[in-house]
Amino acid sequence: MGLKNYAYIGDAVWELFVRGKTIKLTDNARKLHKFTTDKVKASYQAELLHFLEPELTEEEHEIARRGRNLPIPPARRQNQAEYRHATAFETLIGWWHIHDRARLDAILNLIEEQLVF
């Protein structure tokens, strides 16, 4: 499986995680949408990667590095650094989802404990 596939599935896993948190906050559709989009946008995912970096193993740093170097779609080239870091985050989430669910759960718990949801 290629890194693009890990990023693809990681995007879905992350959004599902965020949506699972948002439905516990409100029934208001507008607020649900705003909260979800704030947490799944590239700038927030780039921040999360930075937050997680001290916790990553050498192998995970390598996966993130390789995810960061994936080709960028032309529509996303305005802020390349941010988009690349977000893709690296999604790649890690996808990697853990496929290969190490316990590690994924630990990382999601760490995010949930340390960051405001």
# chains A, B, ... in the order shown; residues from 1 in each chain; ligands from 1
$ residues_around --residues "segment 47-57 of chain A" --least-positions-apart "3" --cutoff "12 Å" --atoms "only C-alpha atoms" --output "VMD selection string"
chain A and resid 14 38 to 44 60 to 65 67 to 68 81 to 93 96 103 to 104 106 to 112 114 to 116
$ atom_distance --atom1 "atom CA of Ile23 of chain A" --atom2 "atom CA of Phe35 of chain A"
9.9 Å
$ select_by_dssp --residues "chain A" --states "alpha helix (DSSP H)" --output "PyMOL selection string"
chain A and resi 3-22+29-40+42-52+58-68+80-99+101-114
$ residues_around --residues "Val13 of chain A" --least-positions-apart "3" --cutoff "10 Å" --atoms "only C-alpha atoms" --output "PDB file with N, CA, C and O atoms, in the first residue's frame"
ATOM      1  N   ALA A   7      -2.525   8.309   3.607  1.00  0.00           N
ATOM      2  CA  ALA A   7      -3.036   9.668   3.795  1.00  0.00           C
ATOM      3  C   ALA A   7      -4.541   9.707   3.523  1.00  0.00           C
ATOM      4  O   ALA A   7      -5.299  10.355   4.254  1.00  0.00           O
ATOM      5  N   TYR A   8      -4.958   8.994   2.498  1.00  0.00           N
ATOM      6  CA  TYR A   8      -6.378   8.964   2.131  1.00  0.00           C
ATOM      7  C   TYR A   8      -7.217   8.369   3.260  1.00  0.00           C
ATOM      8  O   TYR A   8      -8.215   8.955   3.681  1.00  0.00           O
ATOM      9  N   ILE A   9      -6.812   7.222   3.764  1.00  0.00           N
ATOM     10  CA  ILE A   9      -7.580   6.591   4.843  1.00  0.00           C
ATOM     11  C   ILE A   9      -7.414   7.377   6.145  1.00  0.00           C
ATOM     12  O   ILE A   9      -8.352   7.495   6.936  1.00  0.00           O
ATOM     13  N   GLY A  10      -6.238   7.951   6.358  1.00  0.00           N
ATOM     14  CA  GLY A  10      -6.004   8.754   7.557  1.00  0.00           C
ATOM     15  C   GLY A  10      -6.913   9.963   7.627  1.00  0.00           C
ATOM     16  O   GLY A  10      -7.403  10.339   8.694  1.00  0.00           O
ATOM     17  N   LEU A  16     -13.714  11.061  11.063  1.00  0.00           N
ATOM     18  CA  LEU A  16     -14.657  10.265  11.845  1.00  0.00           C
ATOM     19  C   LEU A  16     -14.414  10.456  13.343  1.00  0.00           C
ATOM     20  O   LEU A  16     -15.361  10.582  14.127  1.00  0.00           O
ATOM     21  N   PHE A  17     -13.153  10.487  13.753  1.00  0.00           N
ATOM     22  CA  PHE A  17     -12.815  10.740  15.155  1.00  0.00           C
ATOM     23  C   PHE A  17     -13.357  12.100  15.595  1.00  0.00           C
ATOM     24  O   PHE A  17     -14.002  12.213  16.642  1.00  0.00           O
ATOM     25  N   VAL A  18     -13.112  13.121  14.796  1.00  0.00           N
ATOM     26  CA  VAL A  18     -13.576  14.466  15.134  1.00  0.00           C
ATOM     27  C   VAL A  18     -15.100  14.516  15.178  1.00  0.00           C
ATOM     28  O   VAL A  18     -15.683  15.065  16.121  1.00  0.00           O
ATOM     29  N   ARG A  19     -15.749  13.918  14.193  1.00  0.00           N
ATOM     30  CA  ARG A  19     -17.217  13.918  14.185  1.00  0.00           C
ATOM     31  C   ARG A  19     -17.777  13.186  15.405  1.00  0.00           C
ATOM     32  O   ARG A  19     -18.794  13.582  15.967  1.00  0.00           O
ATOM     33  N   GLU A  90      -2.011  13.025   8.297  1.00  0.00           N
ATOM     34  CA  GLU A  90      -2.983  12.053   7.786  1.00  0.00           C
ATOM     35  C   GLU A  90      -2.321  10.727   7.437  1.00  0.00           C
ATOM     36  O   GLU A  90      -2.903   9.664   7.651  1.00  0.00           O
ATOM     37  N   ILE A  93      -1.850   8.847  10.689  1.00  0.00           N
ATOM     38  CA  ILE A  93      -3.135   8.332  11.170  1.00  0.00           C
ATOM     39  C   ILE A  93      -3.527   7.093  10.359  1.00  0.00           C
ATOM     40  O   ILE A  93      -3.943   6.073  10.925  1.00  0.00           O
ATOM     41  N   GLY A  94      -3.371   7.154   9.047  1.00  0.00           N
ATOM     42  CA  GLY A  94      -3.685   6.003   8.193  1.00  0.00           C
ATOM     43  C   GLY A  94      -2.778   4.819   8.458  1.00  0.00           C
ATOM     44  O   GLY A  94      -3.230   3.670   8.497  1.00  0.00           O
ATOM     45  N   HIS A  97      -3.827   3.270  11.676  1.00  0.00           N
ATOM     46  CA  HIS A  97      -5.121   2.611  11.505  1.00  0.00           C
ATOM     47  C   HIS A  97      -4.955   1.227  10.871  1.00  0.00           C
ATOM     48  O   HIS A  97      -5.605   0.266  11.284  1.00  0.00           O
TER      49      HIS A  97
END
$ closest_residue --among "A:Thr36, A:Arg30, A:Ala12, A:Tyr6" --to "Leu70 of chain A" --atoms "only C-alpha atoms"
A:Tyr6
$ atom_distance --atom1 "atom CA of Thr26 of chain A" --atom2 "atom CA of Asp105 of chain A"
23.9 Å
